There are 2 protein chains.
Amino acid sequence: MDMEWMRLHLVKTCKLDASALTLVGVSGGADSLSLWGIMVEAGFQTAAVHVRHGLRPEAEAEAERVVDWGRKWGVRVMVEDADVRGTAASQHLSVEEAARKLRYQALFGQAQRLGAQAVAVGHTADDQVETVLMHLLRGAGMAGLRGMAARMTAHEWESELPLVRPLLGVWRAETEAWCQARGLEPVQDASNADTTYFRNRLRHELLPYLAEYNPQIKERLWRTAAVLAADYALVEERVQHAWEDCLIRAEPGWVRLRADGLRAAPLGVQRGIIRRAVGWLRPGLRDFDFSQVEQAVGLIQQDGETGGLELTGGLEMRLRYGEVQFIEPERRDVRRNYPQMEAGSEVVLSVPGEVPLGGGWILAAAAVEEVPQNLGGDPWEAWLDLEQVRLPLRVRTGRPGERFCPFGMGGHSQKLSDFWVNQRVPREARAGWPLVCSADEIAWIPGGRTAEFCRVSETTRRWVHLRLSRNPAEG
Amino acid sequence: MDMEWMRLHLVKTCKLDASALTLVGVSGGADSLSLWGIMVEAGFQTAAVHVRHGLRPEAEAEAERVVDWGRKWGVRVMVEDADVRGTAASQHLSVEEAARKLRYQALFGQAQRLGAQAVAVGHTADDQVETVLMHLLRGAGMAGLRGMAARMTAHEWESELPLVRPLLGVWRAETEAWCQARGLEPVQDASNADTTYFRNRLRHELLPYLAEYNPQIKERLWRTAAVLAADYALVEERVQHAWEDCLIRAEPGWVRLRADGLRAAPLGVQRGIIRRAVGWLRPGLRDFDFSQVEQAVGLIQQDGETGGLELTGGLEMRLRYGEVQFIEPERRDVRRNYPQMEAGSEVVLSVPGEVPLGGGWILAAAAVEEVPQNLGGDPWEAWLDLEQVRLPLRVRTGRPGERFCPFGMGGHSQKLSDFWVNQRVPREARAGWPLVCSADEIAWIPGGRTAEFCRVSETTRRWVHLRLSRNPAEG
């Protein structure tokens with residue numbers, strides 16, 4: 001192990017400041033011991049946390065060894081006890097899962113208390129390969145096959161502190177050699193405390209078997225992860241841009257995306273956005289099934305707008321008003337999902353001004369001198385020619401047999417009832433749907449078109465900007 | 001197998017026109033026989049090519065079976081003989097490699113002769129999984145892990161005809177069931193003629209072993225490939241954009257990219273561009289080693305401009321004049337790589353006009369009324385204020401002790417010799433380097449800056465556009 005390379009790696013890749021405190025998780029095995037020792041030798045300020053799982057009789061002696069090294073190096077060591085069996089039982093976790101959870105909770109808890117810049121753990125290149133192989137056997141995409149990252153923020157542990165893994169490019173045998181060269185005798189079994197039975201089987205059976213096909217299998221899998229990690233970043237960047245382009249709104253229980261934008265995106269982007277929308281509503285969800293993603297992709301492609309799909313955990317995905325919506329079951333009722341006011345009522349809308357319609361829905365109007373280049377897109381937003389409408393505007397619900405002259409139909413009128421059908425407005429939402437009127441004439445149907453008589457044209461000098469929005473805290 | 005789905009798949013995904021001829025490669029095994037039969041049943045116009053490798057005694061009988069099916073279905077069958085052993089010996093290929101090469105050559109040769117729209121082959125979902133696994137064991141990136149594509153253009157076979165694989169979503173057992181349901185008895189061994197020993201080991205040993213870890217392993221690997229294929233398309237699109245942004249020029253034996261653009265790109269893009277540059281110069285190269293890519297990435301990051309790296313097959317990668325260059329060994333000599341004219345000579349350059357400088361280098365001048373928004377970028381191109389220079393321009397080499405006032409240095413002059421050093425112009429290229437002069441004053445050093453006195457400013461009304469280029473066919 002080249003100490004100069006490692007120092008650079010700690011600073012440049014793991015982004016650690018040598019003079020700020022880093023909390024190191026130390027089981028006492030060769031991996032974590034060498035990580036800790038390397039950081040101490042390279043002049044990094046550290047403190048160690050040893051979590052005593054109390055699962056094996058030798059645990060007490062192991063904790064003492066870690067304390068001894070700390071004393072020798074003049075570094076603070078904290079020993080924490082974890083009730084693994086109790087947690088496993090009460091939270092319905094396997095012993096391995098419970099141990100992992102308690103360990104990271106202890107690490108990040110101490111890191112926060114001490115104001116550490118990061119938590120460092122001793123995962124090696126071998127752990128990386130085993131992780132990649134586990135994801136591969138499960139059938140993961142790039143997010144899994146890229147393996148672990150040298151520095152990770154926004155991870156699953158409560159804290160906002162980064163988790164760093166400086167040894168992902170170092171093989172386990174190298175950490176053992178490093179300890180031996182320093183006369184350090186690591187704890188023997190502790191490194192395996194981190195591994196589930198499945199991981200042990202991969203390490204001791206599957207990897208040696210795969211080596212019969214390619215003796216370099218571990219190096220090759222490690223490289224694959226390294227290549228995929230950088231490529232995954234490109235995919236994520238692309239999906240993020242598309243997400244920003246397509247997102248109308250994400251609020252608790254409800255994500256709304258522009259269907260046309262999503263439909264025009266490449267398959268990989270569509271899949272990424274679907275995963276992201278579901279992840280937004282279900283942050284804990286780990287495995288969102290491939291076949292559900294494919295069904296969701298199929299739904300986006302549908303020309304009609306009546307489609308719907310039941311997703312994992314009762315989430316619904318559906319097409320409405322040129323939107324792809326992902327929605328919680330309890331958000332499906334009409335007042336929350338569609339703009340509604342009391343049927344038969346009428347309110348005055350000044351320009352500028354805003355009126356609450358009930359259920360958290362608010363209709364706002366403003367006079368503007370400039371409009372964005374690209375009108376349209378959001379169906380809950382409209383621009384009218386200010387000089388063609390009578391102020392104040394009036395907002396009311398529709399009347400039986402009422403007609404409307406939508407922009408773009410050459411002045412021909414259409415029955416409101418036909419409009420509801422064409423736009424697939426659910427029957428139960430029609431009576432309360434708000435209509436923006438000039439005097440008594442419909443000027444804009446929110447979610448639909450503006451009227452011909454007040455549409456913006458090249459001669460428009462002043463505009464009315466209308467926007468319907470919903471405050472999710474209400475209603 | 002759902003015939004309606006398959007017909008749609010053939011049209012939409014494989015992009016086949018039912019009324020245009022498709023050439024089907026038919027070994028006679030269940031895979032290729034069912035592909036052929038499905039296409040015939042779905043009303044696609046086909047012709048079959050059976051390649052007789054002559055490696056097994058039963059080959060004659062197998063060919064007759066294919067001819068019989070063709071007669072029964074009223075479809076033309078062509079039987080071609082391939083000298084596999086002879087080709088393997090003379091071209092130093094394994095028997096499997098030689099058979100594969102001759103088979104595709106026969107298919108695409110016949111397809112061209114008959115004016116077919118595509119060649120179709122019967123690779124199944126099982127073949128896909130085996131391919132992914134082979135790539136994985138070799139340590140491939142996404143390009144390998146995504147597996148085969150349902151439709152592929154620009155493949156390794158000479159022709160520009162697409163290669164389609166309609167059965168990649170169909171398992172081998174399904175093709176066998178399909179044949180059985182139609183009373184067709186496929187050839188038994190022929191499907192294995194396609195497989196190398198290594199592939200057979202994967203099929204019969206490794207995959208069953210992996211199924212002990214996950215009984216769904218084949219489906220999972222298939223899905224992984226499907227996910228990665230779409231994600232790979234996103235990565236390729238991103239790399240393509242960056243390639244277009246960074247490319248100064250790609251000519252036989254020499255690829256030149258803007259170093260600053262490449263340096264600012266994400267790691268995945270840098271790797272992709274390096275692979276693409278090497279692929280441009282070495283189209284046949286299959287495995288460009290990961291560690292070489294990483295060294296190349298390291299070279300790009302270097303601040304200095306003197307670095308160089310020997311790549312696969314004698315290619316050189318180097319930093320010069322703010323460029324990252326990939327170059328064939330024989331292109332390294334000065335006259336080919338740098339603009340050169342006879343030292344001490346002088347030629348007249350009219351505007352408009354052009355002069356050859358020798359070695360294939362040509363300097364061209366034009367008076368322009370409009371300039372692109374973004375000047376700069378290509379160091380071999382310059383714009384001067386036409387009213388500040390004396391015409392015709394003169395092109396000559398530098399003189400000992402000569403000075404130059406580069407734009408942007410506040411009118412301060414610099415020694416030409418210092419300029420050579422700063423710009424890292426190789427010593428042997430300095431004496432012959434062409435300088436564009438107004439009367440006797442240096443107006444532009446190609447590859448470097450324009451002079452202060454003739455730089456374009458807000459008051460410039462007419463410009464001289466200068467461009468130095470090289471005709472690779474000469475010199």
# chains A, B, ... in the order shown; residues from 1 in each chain; ligands from 1
call {"tool": "residues_around", "arguments": {"residues": "Ala99 (chain A)", "least_positions_apart": "4", "cutoff": "9 Å", "atoms": "only C-alpha atoms", "output": "number ranges by chain"}}
result
A: 53, 82-85, 87-88, 94-95, 103-104, 193-194
call {"tool": "write_last_selection", "arguments": {"atoms": "N, CA, C and O atoms", "output": "PDB file, in the first residue's frame"}}
result
ATOM      1  N   HIS A  53     -21.312  -6.129  19.841  1.00  0.00           N
ATOM      2  CA  HIS A  53     -22.613  -6.721  19.543  1.00  0.00           C
ATOM      3  C   HIS A  53     -23.052  -7.720  20.595  1.00  0.00           C
ATOM      4  O   HIS A  53     -24.217  -8.074  20.671  1.00  0.00           O
ATOM      5  N   ALA A  82     -24.529  -2.871  21.808  1.00  0.00           N
ATOM      6  CA  ALA A  82     -25.724  -2.924  20.963  1.00  0.00           C
ATOM      7  C   ALA A  82     -26.515  -4.180  21.295  1.00  0.00           C
ATOM      8  O   ALA A  82     -25.944  -5.266  21.357  1.00  0.00           O
ATOM      9  N   ASP A  83     -27.783  -4.006  21.501  1.00  0.00           N
ATOM     10  CA  ASP A  83     -28.645  -5.164  21.814  1.00  0.00           C
ATOM     11  C   ASP A  83     -29.151  -5.758  20.495  1.00  0.00           C
ATOM     12  O   ASP A  83     -30.278  -5.515  20.084  1.00  0.00           O
ATOM     13  N   VAL A  84     -28.284  -6.526  19.865  1.00  0.00           N
ATOM     14  CA  VAL A  84     -28.593  -7.040  18.540  1.00  0.00           C
ATOM     15  C   VAL A  84     -29.770  -7.993  18.573  1.00  0.00           C
ATOM     16  O   VAL A  84     -30.727  -7.858  17.808  1.00  0.00           O
ATOM     17  N   ARG A  85     -29.709  -8.955  19.501  1.00  0.00           N
ATOM     18  CA  ARG A  85     -30.785  -9.963  19.535  1.00  0.00           C
ATOM     19  C   ARG A  85     -32.131  -9.321  19.856  1.00  0.00           C
ATOM     20  O   ARG A  85     -33.144  -9.646  19.233  1.00  0.00           O
ATOM     21  N   THR A  87     -33.072  -6.212  19.305  1.00  0.00           N
ATOM     22  CA  THR A  87     -33.520  -5.395  18.163  1.00  0.00           C
ATOM     23  C   THR A  87     -34.026  -6.287  17.038  1.00  0.00           C
ATOM     24  O   THR A  87     -35.039  -5.985  16.394  1.00  0.00           O
ATOM     25  N   ALA A  88     -33.297  -7.373  16.794  1.00  0.00           N
ATOM     26  CA  ALA A  88     -33.699  -8.301  15.734  1.00  0.00           C
ATOM     27  C   ALA A  88     -35.105  -8.816  16.012  1.00  0.00           C
ATOM     28  O   ALA A  88     -35.963  -8.855  15.130  1.00  0.00           O
ATOM     29  N   SER A  94     -33.215  -9.857  10.583  1.00  0.00           N
ATOM     30  CA  SER A  94     -32.254 -10.921  10.826  1.00  0.00           C
ATOM     31  C   SER A  94     -31.192 -10.365  11.769  1.00  0.00           C
ATOM     32  O   SER A  94     -31.067  -9.138  11.930  1.00  0.00           O
ATOM     33  N   VAL A  95     -30.456 -11.257  12.399  1.00  0.00           N
ATOM     34  CA  VAL A  95     -29.406 -10.824  13.328  1.00  0.00           C
ATOM     35  C   VAL A  95     -28.400  -9.933  12.588  1.00  0.00           C
ATOM     36  O   VAL A  95     -27.961  -8.903  13.103  1.00  0.00           O
ATOM     37  N   ARG A 103     -25.049  -0.746  14.328  1.00  0.00           N
ATOM     38  CA  ARG A 103     -23.667  -0.298  14.157  1.00  0.00           C
ATOM     39  C   ARG A 103     -23.642   1.091  13.520  1.00  0.00           C
ATOM     40  O   ARG A 103     -22.974   2.003  14.012  1.00  0.00           O
ATOM     41  N   TYR A 104     -24.376   1.236  12.412  1.00  0.00           N
ATOM     42  CA  TYR A 104     -24.361   2.541  11.737  1.00  0.00           C
ATOM     43  C   TYR A 104     -25.045   3.609  12.587  1.00  0.00           C
ATOM     44  O   TYR A 104     -24.631   4.769  12.591  1.00  0.00           O
ATOM     45  N   ALA A 193     -18.128 -10.625  11.225  1.00  0.00           N
ATOM     46  CA  ALA A 193     -19.351 -10.209  11.905  1.00  0.00           C
ATOM     47  C   ALA A 193     -20.173  -9.319  10.978  1.00  0.00           C
ATOM     48  O   ALA A 193     -21.376  -9.198  11.115  1.00  0.00           O
ATOM     49  N   ASP A 194     -19.493  -8.711  10.011  1.00  0.00           N
ATOM     50  CA  ASP A 194     -20.144  -7.802   9.060  1.00  0.00           C
ATOM     51  C   ASP A 194     -20.889  -8.558   7.970  1.00  0.00           C
ATOM     52  O   ASP A 194     -21.652  -7.989   7.219  1.00  0.00           O
TER      53      ASP A 194
END
call {"tool": "interface_residues", "arguments": {"of": "chain B", "to": "chain A", "cutoff": "8 Å", "atoms": "only C-alpha atoms", "output": "ChimeraX atom specification"}}
result
/B:136-142,210,213-214,217,220-221,223-224,227-228,230-231,233-235,238,266-269,290
call {"tool": "closest_residue", "arguments": {"among": "B:Gln302, B:Asn422, B:Asn471, B:Gln414", "to": "Trp361 (chain B)", "atoms": "only C-alpha atoms"}}
result
B:Asn471
call {"tool": "select_by_dssp", "arguments": {"residues": "region 42-261 of chain B", "states": "strand (DSSP E or B)", "output": "PyMOL selection string"}}
result
chain B and resi 46-52+77-81+118-120+151-152+163-164+247-251+254-258
call {"tool": "write_last_selection", "arguments": {"atoms": "N, CA and C atoms", "output": "JSON list (two decimals), in the first residue's frame"}}
result
[["chain", "number", "residue", "atom", "x", "y", "z"],
["B", 46, "THR", "N", -39.56, -14.34, -46.73],
["B", 46, "THR", "CA", -38.25, -14.77, -46.27],
["B", 46, "THR", "C", -37.52, -15.60, -47.32],
["B", 47, "ALA", "N", -36.22, -15.72, -47.14],
["B", 47, "ALA", "CA", -35.43, -16.76, -47.80],
["B", 47, "ALA", "C", -34.49, -17.28, -46.72],
["B", 48, "ALA", "N", -34.13, -18.55, -46.79],
["B", 48, "ALA", "CA", -33.28, -19.12, -45.75],
["B", 48, "ALA", "C", -31.90, -19.44, -46.31],
["B", 49, "VAL", "N", -30.90, -19.23, -45.46],
["B", 49, "VAL", "CA", -29.54, -19.66, -45.81],
["B", 49, "VAL", "C", -29.10, -20.68, -44.77],
["B", 50, "HIS", "N", -28.72, -21.84, -45.25],
["B", 50, "HIS", "CA", -28.16, -22.86, -44.36],
["B", 50, "HIS", "C", -26.67, -23.01, -44.71],
["B", 51, "VAL", "N", -25.82, -22.81, -43.73],
["B", 51, "VAL", "CA", -24.39, -22.94, -43.98],
["B", 51, "VAL", "C", -23.93, -24.31, -43.50],
["B", 52, "ARG", "N", -23.37, -25.07, -44.46],
["B", 52, "ARG", "CA", -22.90, -26.42, -44.16],
["B", 52, "ARG", "C", -21.43, -26.31, -43.80],
["B", 77, "VAL", "N", -34.50, -21.76, -50.26],
["B", 77, "VAL", "CA", -33.42, -22.10, -49.33],
["B", 77, "VAL", "C", -32.11, -22.16, -50.10],
["B", 78, "MET", "N", -31.10, -21.51, -49.57],
["B", 78, "MET", "CA", -29.78, -21.61, -50.18],
["B", 78, "MET", "C", -28.84, -22.33, -49.22],
["B", 79, "VAL", "N", -28.18, -23.36, -49.72],
["B", 79, "VAL", "CA", -27.22, -24.08, -48.89],
["B", 79, "VAL", "C", -25.82, -23.66, -49.32],
["B", 80, "GLU", "N", -25.03, -23.22, -48.38],
["B", 80, "GLU", "CA", -23.67, -22.78, -48.71],
["B", 80, "GLU", "C", -22.66, -23.64, -47.95],
["B", 81, "ASP", "N", -21.59, -23.98, -48.63],
["B", 81, "ASP", "CA", -20.53, -24.72, -47.96],
["B", 81, "ASP", "C", -19.46, -23.78, -47.46],
["B", 118, "ALA", "N", -32.75, -7.20, -44.41],
["B", 118, "ALA", "CA", -32.02, -7.50, -43.18],
["B", 118, "ALA", "C", -31.68, -8.98, -43.14],
["B", 119, "VAL", "N", -30.75, -9.32, -42.26],
["B", 119, "VAL", "CA", -30.46, -10.72, -41.94],
["B", 119, "VAL", "C", -31.03, -10.97, -40.55],
["B", 120, "ALA", "N", -31.77, -12.08, -40.40],
["B", 120, "ALA", "CA", -32.35, -12.42, -39.10],
["B", 120, "ALA", "C", -31.72, -13.71, -38.60],
["B", 151, "ARG", "N", -32.12, -5.25, -32.95],
["B", 151, "ARG", "CA", -31.77, -4.76, -34.28],
["B", 151, "ARG", "C", -30.47, -4.00, -34.16],
["B", 152, "MET", "N", -29.58, -4.28, -35.09],
["B", 152, "MET", "CA", -28.24, -3.75, -34.99],
["B", 152, "MET", "C", -27.78, -3.31, -36.37],
["B", 163, "LEU", "N", -28.67, -6.41, -38.82],
["B", 163, "LEU", "CA", -28.76, -7.77, -38.29],
["B", 163, "LEU", "C", -29.86, -7.74, -37.23],
["B", 164, "VAL", "N", -30.89, -8.57, -37.39],
["B", 164, "VAL", "CA", -31.96, -8.56, -36.39],
["B", 164, "VAL", "C", -32.02, -9.89, -35.66],
["B", 247, "LEU", "N", -14.26, 17.58, -30.31],
["B", 247, "LEU", "CA", -13.46, 17.17, -31.46],
["B", 247, "LEU", "C", -12.99, 18.37, -32.27],
["B", 248, "ILE", "N", -11.69, 18.45, -32.47],
["B", 248, "ILE", "CA", -11.16, 19.45, -33.40],
["B", 248, "ILE", "C", -11.12, 18.82, -34.78],
["B", 249, "ARG", "N", -10.60, 17.60, -34.82],
["B", 249, "ARG", "CA", -10.53, 16.91, -36.09],
["B", 249, "ARG", "C", -10.18, 15.44, -35.91],
["B", 250, "ALA", "N", -10.82, 14.59, -36.71],
["B", 250, "ALA", "CA", -10.43, 13.18, -36.75],
["B", 250, "ALA", "C", -10.07, 12.88, -38.18],
["B", 251, "GLU", "N", -8.83, 12.48, -38.42],
["B", 251, "GLU", "CA", -8.40, 12.13, -39.77],
["B", 251, "GLU", "C", -7.62, 10.82, -39.65],
["B", 254, "TRP", "N", -4.98, 10.14, -36.87],
["B", 254, "TRP", "CA", -4.78, 11.28, -35.98],
["B", 254, "TRP", "C", -6.12, 11.83, -35.52],
["B", 255, "VAL", "N", -6.37, 11.79, -34.21],
["B", 255, "VAL", "CA", -7.59, 12.37, -33.63],
["B", 255, "VAL", "C", -7.17, 13.48, -32.67],
["B", 256, "ARG", "N", -7.75, 14.65, -32.84],
["B", 256, "ARG", "CA", -7.39, 15.80, -32.00],
["B", 256, "ARG", "C", -8.63, 16.34, -31.29],
["B", 257, "LEU", "N", -8.51, 16.45, -29.97],
["B", 257, "LEU", "CA", -9.65, 16.89, -29.15],
["B", 257, "LEU", "C", -9.22, 18.07, -28.29],
["B", 258, "ARG", "N", -10.16, 18.94, -27.96],
["B", 258, "ARG", "CA", -9.88, 20.08, -27.09],
["B", 258, "ARG", "C", -9.66, 19.58, -25.67]]
call {"tool": "closest_residue", "arguments": {"among": "A:Pro372, A:Pro252, A:Pro166, A:Gly43", "to": "Phe326 (chain A)", "atoms": "only C-alpha atoms"}}
result
A:Pro252
call {"tool": "atom_distance", "arguments": {"atom1": "CA of Gly432 (chain A)", "atom2": "CA of Gly398 (chain A)"}}
result
7.9 Å
call {"tool": "atom_distance", "arguments": {"atom1": "CA of Leu299 (chain B)", "atom2": "CA of Ala242 (chain B)"}}
result
18.1 Å
call {"tool": "residues_around", "arguments": {"residues": "region 174-184 of chain B", "least_positions_apart": "3", "cutoff": "10 Å", "atoms": "only C-alpha atoms", "output": "ChimeraX atom specification"}}
result
/B:1,29-35,37-38,69,122,124-125,167,170-171,187
call {"tool": "write_last_selection", "arguments": {"atoms": "all heavy atoms", "output": "short mmCIF file (atom, residue, chain, number, x, y, z; two decimals), in the first residue's frame"}}
result
data_model
loop_
_atom_site.label_atom_id
_atom_site.label_comp_id
_atom_site.auth_asym_id
_atom_site.auth_seq_id
_atom_site.Cartn_x
_atom_site.Cartn_y
_atom_site.Cartn_z
N MET B 1 -45.90 -18.93 -27.01
CA MET B 1 -45.50 -17.75 -27.77
C MET B 1 -46.73 -17.11 -28.41
O MET B 1 -47.51 -17.78 -29.07
CB MET B 1 -44.50 -18.17 -28.85
CG MET B 1 -43.62 -17.02 -29.22
SD MET B 1 -42.01 -17.49 -29.88
CE MET B 1 -41.97 -19.24 -29.86
N GLY B 29 -31.79 -26.02 -35.98
CA GLY B 29 -32.12 -26.21 -34.57
C GLY B 29 -33.43 -25.52 -34.24
O GLY B 29 -33.97 -24.75 -35.05
N ALA B 30 -33.95 -25.79 -33.03
CA ALA B 30 -35.26 -25.25 -32.66
C ALA B 30 -35.29 -23.73 -32.74
O ALA B 30 -36.29 -23.14 -33.14
CB ALA B 30 -35.63 -25.71 -31.25
N ASP B 31 -34.18 -23.06 -32.37
CA ASP B 31 -34.16 -21.60 -32.34
C ASP B 31 -34.39 -21.03 -33.74
O ASP B 31 -35.31 -20.26 -33.98
CB ASP B 31 -32.81 -21.09 -31.82
CG ASP B 31 -32.52 -21.60 -30.42
OD1 ASP B 31 -33.39 -22.25 -29.82
OD2 ASP B 31 -31.40 -21.35 -29.93
N SER B 32 -33.49 -21.43 -34.67
CA SER B 32 -33.57 -20.81 -36.00
C SER B 32 -34.77 -21.33 -36.78
O SER B 32 -35.39 -20.59 -37.55
CB SER B 32 -32.27 -21.06 -36.77
OG SER B 32 -32.02 -22.44 -36.91
N LEU B 33 -35.13 -22.59 -36.53
CA LEU B 33 -36.30 -23.15 -37.23
C LEU B 33 -37.58 -22.43 -36.81
O LEU B 33 -38.42 -22.07 -37.63
CB LEU B 33 -36.41 -24.65 -36.95
CG LEU B 33 -37.64 -25.35 -37.56
CD1 LEU B 33 -37.69 -25.17 -39.07
CD2 LEU B 33 -37.64 -26.84 -37.19
N SER B 34 -37.72 -22.18 -35.50
CA SER B 34 -38.94 -21.50 -35.05
C SER B 34 -38.95 -20.06 -35.52
O SER B 34 -40.00 -19.53 -35.90
CB SER B 34 -39.09 -21.61 -33.53
OG SER B 34 -38.04 -20.96 -32.88
N LEU B 35 -37.80 -19.39 -35.52
CA LEU B 35 -37.76 -18.02 -36.04
C LEU B 35 -38.27 -17.98 -37.48
O LEU B 35 -39.14 -17.18 -37.84
CB LEU B 35 -36.33 -17.45 -35.99
CG LEU B 35 -36.13 -16.13 -36.76
CD1 LEU B 35 -37.00 -15.03 -36.15
CD2 LEU B 35 -34.67 -15.73 -36.76
N GLY B 37 -40.04 -20.28 -39.06
CA GLY B 37 -41.44 -20.69 -39.13
C GLY B 37 -42.39 -19.60 -38.67
O GLY B 37 -43.44 -19.37 -39.27
N ILE B 38 -42.02 -18.89 -37.62
CA ILE B 38 -42.86 -17.79 -37.11
C ILE B 38 -42.99 -16.72 -38.18
O ILE B 38 -44.08 -16.19 -38.43
CB ILE B 38 -42.24 -17.21 -35.82
CG1 ILE B 38 -42.45 -18.18 -34.66
CG2 ILE B 38 -42.84 -15.84 -35.51
CD1 ILE B 38 -41.58 -17.88 -33.44
N TRP B 69 -38.03 -28.35 -45.49
CA TRP B 69 -38.97 -27.39 -44.89
C TRP B 69 -39.26 -26.26 -45.88
O TRP B 69 -40.39 -25.82 -46.02
CB TRP B 69 -38.41 -26.80 -43.60
CG TRP B 69 -38.43 -27.76 -42.45
CD1 TRP B 69 -39.45 -28.58 -42.10
CD2 TRP B 69 -37.37 -28.01 -41.52
NE1 TRP B 69 -39.12 -29.32 -40.98
CE2 TRP B 69 -37.82 -28.98 -40.60
CE3 TRP B 69 -36.07 -27.50 -41.34
CZ2 TRP B 69 -37.04 -29.45 -39.55
CZ3 TRP B 69 -35.30 -27.95 -40.30
CH2 TRP B 69 -35.78 -28.94 -39.42
N GLY B 122 -31.47 -16.55 -35.05
CA GLY B 122 -32.36 -17.06 -34.02
C GLY B 122 -31.86 -17.06 -32.59
O GLY B 122 -32.26 -17.90 -31.80
N THR B 124 -31.71 -16.60 -28.81
CA THR B 124 -32.82 -16.57 -27.85
C THR B 124 -32.42 -15.85 -26.57
O THR B 124 -31.28 -15.41 -26.41
CB THR B 124 -33.22 -18.00 -27.46
OG1 THR B 124 -32.07 -18.62 -26.88
CG2 THR B 124 -33.68 -18.79 -28.67
N ALA B 125 -33.39 -15.78 -25.65
CA ALA B 125 -33.13 -15.20 -24.33
C ALA B 125 -32.01 -15.97 -23.63
O ALA B 125 -31.20 -15.38 -22.91
CB ALA B 125 -34.41 -15.23 -23.50
N LEU B 167 -35.75 -13.15 -31.51
CA LEU B 167 -36.11 -14.08 -30.43
C LEU B 167 -35.38 -13.82 -29.11
O LEU B 167 -35.38 -14.69 -28.24
CB LEU B 167 -35.83 -15.53 -30.87
CG LEU B 167 -36.59 -16.05 -32.10
CD1 LEU B 167 -36.34 -17.54 -32.27
CD2 LEU B 167 -38.08 -15.77 -31.99
N VAL B 170 -37.36 -14.59 -26.11
CA VAL B 170 -38.02 -15.90 -26.11
C VAL B 170 -37.00 -16.95 -25.61
O VAL B 170 -35.87 -16.99 -26.09
CB VAL B 170 -38.48 -16.26 -27.55
CG1 VAL B 170 -39.07 -17.66 -27.58
CG2 VAL B 170 -39.46 -15.22 -28.08
N TRP B 171 -37.41 -17.74 -24.65
CA TRP B 171 -36.50 -18.75 -24.10
C TRP B 171 -36.39 -19.94 -25.06
O TRP B 171 -37.31 -20.24 -25.81
CB TRP B 171 -36.95 -19.20 -22.72
CG TRP B 171 -36.89 -18.05 -21.75
CD1 TRP B 171 -37.93 -17.28 -21.36
CD2 TRP B 171 -35.72 -17.51 -21.13
NE1 TRP B 171 -37.50 -16.29 -20.51
CE2 TRP B 171 -36.14 -16.40 -20.35
CE3 TRP B 171 -34.36 -17.84 -21.13
CZ2 TRP B 171 -35.26 -15.64 -19.59
CZ3 TRP B 171 -33.47 -17.08 -20.38
CH2 TRP B 171 -33.92 -15.99 -19.62
N VAL B 187 -33.44 -30.14 -35.96
CA VAL B 187 -32.14 -30.81 -35.91
C VAL B 187 -31.64 -30.73 -34.47
O VAL B 187 -31.80 -29.71 -33.82
CB VAL B 187 -31.18 -30.09 -36.88
CG1 VAL B 187 -29.75 -30.42 -36.58
CG2 VAL B 187 -31.59 -30.42 -38.31
#
call {"tool": "select_by_dssp", "arguments": {"residues": "region 70-159 of chain A", "states": "alpha helix (DSSP H)", "output": "VMD selection string"}}
result
chain A and resid 70 to 73 84 to 90 95 to 114 125 to 138 142 to 145
call {"tool": "residues_around", "arguments": {"residues": "Glu328 (chain A)", "least_positions_apart": "5", "cutoff": "7 Å", "atoms": "only C-alpha atoms", "output": "count of residues only"}}
result
4
call {"tool": "residues_around", "arguments": {"residues": "Gly147 (chain B)", "least_positions_apart": "5", "cutoff": "7 Å", "atoms": "only C-alpha atoms", "output": "PyMOL selection string"}}
result
chain B and resi 128+131-132+225
call {"tool": "atom_distance", "arguments": {"atom1": "CA of Leu10 (chain A)", "atom2": "CA of Val293 (chain B)"}}
result
22.5 Å
